[in-house]
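*Asks:* To start, I am sharing the structure in question, which I have written as structure tokens.
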Amino acid sequence: MELGQMQRTMVDYKKSLFMEGFLDDQFSQLQQLQDEINPDFVFEVVSLFFEDSERLLNDLSITLEQPSVDFKKVDANVHQLKGSSSSIGAQRVKNACIIFRNFCEGQNTDGCLNCLQQVKQEYSLVKNKLETLFRLEQQIVAAGGAIPMMEMSY
């Protein structure tokens with residue numbers, strides 16, 4: 001694929017992530033912090049999000065499997081996941097965490113287990129989408145091109 005086509009593909013793909021609700025304006029703001037001095041800023045921040053999320057999701061699974069669930073711990077983990085997903089603009093993960101916290105407050109184990117599955121699903125989707133976006137960016141840079149910036153007018 002020629003460079004111009006790769007760039008158009010990447011812009012279209014990124015637009016779809018916003019239109020489908022995977023990402024919100026916070027992701028755009030994160031991208032605006034990236035520059036020549038720190039060209040991998042977004043990748044590094046998102047990679048940290050992936051590491052933290054994997055740990056939190058694992059902790060949540062273990063905590064919710066206990067005979068006596070520590071809902072304070074579950075809520076603290078969900079709150080942390082909500083904050084980190086919000087900070088990178090992972091909108092659907094953040095929204096699933098908001099619903100999850102309601103079940104924590106009600107100390108509803110079944111509701112929490114269902115929400116955990118939903119959060120894991122949304123996390124997995126956004127992780128795959130962002131990994132694809134980063135691969136597209138790498139291909140453009142490898143071909144000698146610049147990463148096109150998106151207009152935020154949709």
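Ligands are numbered from 1 in the order shown, chains are lettered A, B, ... in the order of the structure tokens, and residues start at 1 in each chain.
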Considering only C-alpha atoms, return as a list in words whatever protein or nucleic-acid residues lie within 12 Å of Leu113 in chain A, sequence-local ones (same chain, fewer than 5 positions apart) excluded.

*Replies:*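 Answer for this query is Leu57, Leu60, Ser61, Ile62, Thr63, Leu64, Glu65, Gln66, Val69, Phe71, Val74, Ile99, Phe100, Arg101, Phe103, Cys104, Gln107, Asn108, Gln118, Val119 and Lys120 of chain A.
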
*Asks:* May I have all residues of range 3-34 of chain A that DSSP, computed from the backbone, assigns to helix (DSSP H, G or I), given as number ranges by chain?

*Replies:* A: 3-19, 25-32

*Asks:* Please produce a file of those selected residues containing C-alpha atoms, as a PDB file, in the first residue's frame.

*Replies:*
```pdb
ATOM      1  CA  LEU A   3       2.045   6.018   1.811  1.00  0.00           C
ATOM      2  CA  GLY A   4      -0.908   8.317   1.042  1.00  0.00           C
ATOM      3  CA  GLN A   5      -3.283   5.366   1.160  1.00  0.00           C
ATOM      4  CA  MET A   6      -1.810   4.185   4.472  1.00  0.00           C
ATOM      5  CA  GLN A   7      -2.292   7.662   5.936  1.00  0.00           C
ATOM      6  CA  ARG A   8      -5.909   7.844   4.733  1.00  0.00           C
ATOM      7  CA  THR A   9      -6.563   4.356   6.119  1.00  0.00           C
ATOM      8  CA  MET A  10      -5.156   5.383   9.492  1.00  0.00           C
ATOM      9  CA  VAL A  11      -7.259   8.571   9.660  1.00  0.00           C
ATOM     10  CA  ASP A  12     -10.417   6.639   8.718  1.00  0.00           C
ATOM     11  CA  TYR A  13      -9.627   3.938  11.271  1.00  0.00           C
ATOM     12  CA  LYS A  14      -9.028   6.499  14.012  1.00  0.00           C
ATOM     13  CA  LYS A  15     -12.292   8.299  13.155  1.00  0.00           C
ATOM     14  CA  SER A  16     -14.151   4.994  13.462  1.00  0.00           C
ATOM     15  CA  LEU A  17     -12.718   4.494  16.976  1.00  0.00           C
ATOM     16  CA  PHE A  18     -14.244   7.806  18.031  1.00  0.00           C
ATOM     17  CA  MET A  19     -17.548   7.293  16.235  1.00  0.00           C
ATOM     18  CA  ASP A  25     -11.581  13.591  23.291  1.00  0.00           C
ATOM     19  CA  GLN A  26      -9.180  12.687  26.090  1.00  0.00           C
ATOM     20  CA  PHE A  27      -7.285  10.481  23.614  1.00  0.00           C
ATOM     21  CA  SER A  28      -6.992  13.451  21.234  1.00  0.00           C
ATOM     22  CA  GLN A  29      -5.652  15.597  24.069  1.00  0.00           C
ATOM     23  CA  LEU A  30      -3.120  12.892  24.855  1.00  0.00           C
ATOM     24  CA  GLN A  31      -1.982  12.913  21.225  1.00  0.00           C
ATOM     25  CA  GLN A  32      -1.512  16.678  21.340  1.00  0.00           C
TER      26      GLN A  32
END
```

*Asks:* Which residue out of A:Val46, A:Ser85, A:Asp24, A:Gly111 has the minimum interatomic distance to Leu130 in chain A when only C-alpha atoms are used?

*Replies:*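 Closest to Leu130 in chain A of all the choices is A:Val46.
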
*Asks:* Restricting the calculation to only C-alpha atoms, which member of A:Cys115, A:Pro148, A:Phe134, A:Lys127 is positioned closest to Phe43 in chain A?

*Replies:*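 With only C-alpha atoms as the atom set, the closest residue is A:Phe134.
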
*Asks:* Might you pull out every residue within 9 Å of Lys72 in chain A, with only C-alpha atoms counted and same-chain residues fewer than 4 positions away left off, and present them as a list in words?

*Replies:*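 The neighbour list is Ala76, Asn77, Cys104 and Glu105 of chain A.
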
*Asks:* For the residues in the current selection, export all heavy atoms as a short mmCIF file (atom, residue, chain, number, x, y, z; two decimals), in the first residue's frame.

*Replies:*
```cif
data_model
loop_
_atom_site.label_atom_id
_atom_site.label_comp_id
_atom_site.auth_asym_id
_atom_site.auth_seq_id
_atom_site.Cartn_x
_atom_site.Cartn_y
_atom_site.Cartn_z
N ALA A 76 -12.36 -0.06 44.99
CA ALA A 76 -11.10 0.69 44.83
C ALA A 76 -10.43 0.31 43.50
O ALA A 76 -9.93 1.19 42.78
CB ALA A 76 -10.16 0.40 46.00
N ASN A 77 -10.42 -0.98 43.17
CA ASN A 77 -9.82 -1.42 41.90
C ASN A 77 -10.60 -0.90 40.69
O ASN A 77 -10.01 -0.46 39.71
CB ASN A 77 -9.71 -2.94 41.84
CG ASN A 77 -8.59 -3.49 42.69
OD1 ASN A 77 -7.68 -2.77 43.08
ND2 ASN A 77 -8.63 -4.76 42.98
N CYS A 104 -20.99 -2.53 42.97
CA CYS A 104 -20.13 -2.59 44.16
C CYS A 104 -20.83 -1.94 45.34
O CYS A 104 -20.85 -2.48 46.44
CB CYS A 104 -18.80 -1.88 43.92
SG CYS A 104 -17.69 -2.74 42.82
N GLU A 105 -21.39 -0.76 45.10
CA GLU A 105 -22.09 -0.04 46.17
C GLU A 105 -23.24 -0.87 46.72
O GLU A 105 -23.50 -0.85 47.92
CB GLU A 105 -22.60 1.31 45.67
CG GLU A 105 -21.50 2.33 45.44
CD GLU A 105 -21.98 3.60 44.76
OE1 GLU A 105 -23.20 3.89 44.80
OE2 GLU A 105 -21.13 4.30 44.19
#
```

*Asks:* Nearest to Asp52 in chain A: which of A:Ile98, A:Asp75, A:Ile147, A:Tyr123 is it, counting only C-alpha atoms?

*Replies:* A:Tyr123

*Asks:* I need the residue nearest Leu33 in chain A from this list: A:Leu136, A:Glu131, A:Lys82, A:Val45. Use only C-alpha atoms for the distance.

*Replies:*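 Smallest separation from Leu33 in chain A among the options: A:Val45.
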
*Asks:* Separation of CA of Val126 in chain A and CA of Gln91 in chain A, in Å?

*Replies:* 9.2 Å
